[in-house]
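K.L.:
Quick one: the structure is below, and I'll ask about it shortly.
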Amino acid sequence: MKIKKLHILVLNLILLPAVTISGAELTGLQIVEKVYNRDTGQDSKGILTMTLTNSQGNKRVRKIKQFIKDFGKVEKSIMFFMSPADIRNTSFANWSYTEEGKDDDQWIYLPALKRVKRISSDSKSDYFMGSDFTYDDLGDRQPGEDNHKLLREEKFKGEDCYVVESIPKDEEYMYSRTVTWIIKDKWIGLKREFYDEDGELLKILKIRKYEKISGFWTILISEMTNVQKKHSTRMELSDVKINTGIPDRQFTERMMKRGL
């Protein structure tokens, strides 16, 4: 089981030279599979505070209630915006599949239009609700979609990390490459750099806080910074509850329209 969505999100790295840990060799594929398959519980829920900061330092704050559940072959997540008032009851759903090559399904419900809109593949490079996360960033990118190379091993923020470069197999993908710092043993991506189609640094994702909750490593604070636009989005997860038995009916179009 691997709840990763707004724990921000999702790391896609794989296939590199073998490395040695505790006397046993691990390939790059095995390292990334450990990230992808990191156990985070059967389900989880919490309050997400999204803070958007522009180049002038002005901030906008949004509160979100999120639910995530593993259904075996698909992991479902749903978010409901609680505030501010102008976007209250907007909801977003993401279905991530374990089947190789099967893209995520995503929908957004806009109360003003009173309808659920499917996010097309052409729209997944758009930014989500004015944040620095694209719709694609919020989904689950499968390891096999990229080629990966282990660049080095180093200490970062006091953690022993693998530094991995990932290059998409699809030349039309929105990022030309990413570089990720993965914590050994915890299998958390502590930092990630995103490069645009011209190979220039576009965004940096940093994990500011993570801890064990109910025995599962959980990302609590992450921050995505668009270095080209000088705009950032901070995601802070609170009131986290894991393995509470969220009912399947929570993840339906009816619930998206109904809201909280």
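By convention in this document, the chains of the structure tokens carry letters A, B, ... by their order, each chain's residues are numbered from 1, and ligands are numbered from 1 in the order they are shown.
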Give me the range 132-168 of chain A side of the contact with range 92-105 of chain A, cut-off 12 Å, one line per residue showing its nearest atom pair and distance in Å at one decimal, counting only C-alpha atoms, sorted by chain and residue number, as JSON lines.

P.N.:
```
{"residue": "A:Tyr135", "atom": "CA", "partner": "A:Asn94", "partner_atom": "CA", "distance": 9.3}
{"residue": "A:Asp136", "atom": "CA", "partner": "A:Asp104", "partner_atom": "CA", "distance": 8.5}
{"residue": "A:Asp137", "atom": "CA", "partner": "A:Asp104", "partner_atom": "CA", "distance": 11.0}
{"residue": "A:Leu138", "atom": "CA", "partner": "A:Asn94", "partner_atom": "CA", "distance": 7.9}
{"residue": "A:Gly139", "atom": "CA", "partner": "A:Asp104", "partner_atom": "CA", "distance": 6.4}
{"residue": "A:Asp140", "atom": "CA", "partner": "A:Ser96", "partner_atom": "CA", "distance": 5.7}
{"residue": "A:Arg141", "atom": "CA", "partner": "A:Asp103", "partner_atom": "CA", "distance": 8.3}
{"residue": "A:Gln142", "atom": "CA", "partner": "A:Glu100", "partner_atom": "CA", "distance": 7.1}
{"residue": "A:Pro143", "atom": "CA", "partner": "A:Glu100", "partner_atom": "CA", "distance": 9.0}
{"residue": "A:Gly144", "atom": "CA", "partner": "A:Glu100", "partner_atom": "CA", "distance": 7.6}
{"residue": "A:Glu145", "atom": "CA", "partner": "A:Gly101", "partner_atom": "CA", "distance": 7.8}
{"residue": "A:Asp146", "atom": "CA", "partner": "A:Gly101", "partner_atom": "CA", "distance": 11.6}
```

K.L.:
Would you save the residues of that selection, restricted to N, CA and C atoms, as a compact mmCIF listing (two decimals), in the first residue's frame?

P.N.:
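As written to disk, out.txt reads:
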```txt
# COMPACT_ATOMS: atom_id res chain seq x y z
N TYR A 135 -1.39 19.21 -12.27
CA TYR A 135 -2.27 18.07 -12.04
C TYR A 135 -1.47 16.78 -12.09
N ASP A 136 -0.49 16.72 -12.98
CA ASP A 136 0.34 15.53 -13.10
C ASP A 136 1.16 15.29 -11.82
N ASP A 137 1.63 16.38 -11.20
CA ASP A 137 2.40 16.26 -9.95
C ASP A 137 1.57 15.60 -8.86
N LEU A 138 0.26 15.81 -8.89
CA LEU A 138 -0.61 15.29 -7.84
C LEU A 138 -0.97 13.82 -8.06
N GLY A 139 -0.65 13.31 -9.22
CA GLY A 139 -0.94 11.91 -9.51
C GLY A 139 0.22 11.02 -9.13
N ASP A 140 0.13 9.77 -9.54
CA ASP A 140 1.14 8.76 -9.21
C ASP A 140 1.87 8.34 -10.48
N ARG A 141 3.06 8.87 -10.68
CA ARG A 141 3.83 8.52 -11.87
C ARG A 141 4.51 7.17 -11.64
N GLN A 142 4.28 6.25 -12.54
CA GLN A 142 4.82 4.90 -12.38
C GLN A 142 6.32 4.88 -12.67
N PRO A 143 7.07 4.06 -11.95
CA PRO A 143 8.53 4.01 -12.12
C PRO A 143 8.97 3.74 -13.55
N GLY A 144 8.25 2.87 -14.26
CA GLY A 144 8.67 2.48 -15.59
C GLY A 144 8.51 3.56 -16.65
N GLU A 145 7.95 4.70 -16.29
CA GLU A 145 7.78 5.78 -17.26
C GLU A 145 9.06 6.57 -17.48
N ASP A 146 10.08 6.31 -16.66
CA ASP A 146 11.33 7.05 -16.76
C ASP A 146 12.53 6.12 -16.79
```

K.L.:
Near Lys59 in chain A, within 10 Å and counting only C-alpha atoms, which residues show up once chain neighbours fewer than 6 positions away are dropped, as a short mmCIF file (atom, residue, chain, number, x, y, z; two decimals) with C-alpha atoms, in the first residue's frame?

P.N.:
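Okay, this is what ended up in part09.cif:
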```cif
data_model
loop_
_atom_site.label_atom_id
_atom_site.label_comp_id
_atom_site.auth_asym_id
_atom_site.auth_seq_id
_atom_site.Cartn_x
_atom_site.Cartn_y
_atom_site.Cartn_z
CA THR A 51 -0.19 28.57 1.34
CA LEU A 52 0.60 30.31 -1.96
CA THR A 53 3.30 33.00 -1.90
CA SER A 232 5.94 28.94 -3.97
CA THR A 233 3.31 26.59 -2.51
#
```

K.L.:
Quick one: residues within 8 Å of Glu236 in chain A, only C-alpha atoms, excluding same-chain residues fewer than 2 positions away - as a PyMOL selection string?

P.N.:
chain A and resi 48-50+220-222+234+238

K.L.:
Keeping only N, CA and C atoms, take the residues you just selected and write them out as a CSV table (one decimal), in the first residue's frame.

P.N.:
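This went into out-v7.csv:
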```
chain,number,residue,atom,x,y,z
A,48,LEU,N,-5.3,19.7,5.1
A,48,LEU,CA,-4.2,20.2,4.3
A,48,LEU,C,-4.3,21.8,4.3
A,49,THR,N,-3.3,22.5,4.7
A,49,THR,CA,-3.2,23.9,4.6
A,49,THR,C,-2.3,24.3,3.4
A,50,MET,N,-2.8,24.9,2.4
A,50,MET,CA,-2.1,25.3,1.2
A,50,MET,C,-1.8,26.8,1.3
A,220,LEU,N,4.6,15.6,6.4
A,220,LEU,CA,3.7,16.5,7.0
A,220,LEU,C,3.8,17.9,6.3
A,221,ILE,N,5.0,18.3,6.0
A,221,ILE,CA,5.1,19.7,5.4
A,221,ILE,C,6.0,19.6,4.1
A,222,SER,N,5.5,20.1,3.0
A,222,SER,CA,6.4,20.1,1.8
A,222,SER,C,6.2,21.5,1.2
A,234,ARG,N,3.3,26.0,-0.2
A,234,ARG,CA,3.6,25.2,1.0
A,234,ARG,C,2.4,24.4,1.4
A,238,SER,N,-2.2,18.2,8.7
A,238,SER,CA,-2.4,18.2,10.2
A,238,SER,C,-3.6,17.3,10.4
```

K.L.:
Using DSSP secondary structure from the backbone, list all alpha helix (DSSP H) positions within range 12-256 of chain A, as a VMD selection string.

P.N.:
chain A and resid 28 to 36 253 to 256

K.L.:
Measuring between only C-alpha atoms, which one of A:Ile242, A:Ile183, A:Met129, A:Met235 shows the shortest distance to Glu154 in chain A?

P.N.:
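Among the listed residues, the smallest separation from Glu154 in chain A belongs to A:Ile183.
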
K.L.:
As an exercise, work out the distance from CA of Lys203 in chain A to CA of Thr225 in chain A in Å and give it to one decimal place.

P.N.:
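A separation of 5.4 Å between them.
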
K.L.:
Residues at most 12 Å from Ala112 in chain A, counting only C-alpha atoms, excluding those fewer than 3 positions away in the same chain, as a PyMOL selection string?

P.N.:
chain A and resi 86-91+108-109+115-116+257

K.L.:
Would you please work out which residue, of A:Arg208, A:Gly189, A:Lys155, A:Thr134, is nearest to Tyr36 in chain A when using only C-alpha atoms?

P.N.:
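The answer is A:Gly189, which sits nearest to Tyr36 in chain A.
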
K.L.:
Could you check how far CA of Met79 in chain A sits from CA of Met174 in chain A, in Å to one decimal?

P.N.:
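Taking CA of Met79 in chain A as the start and CA of Met174 in chain A as the end point, the length is 24.3 Å.
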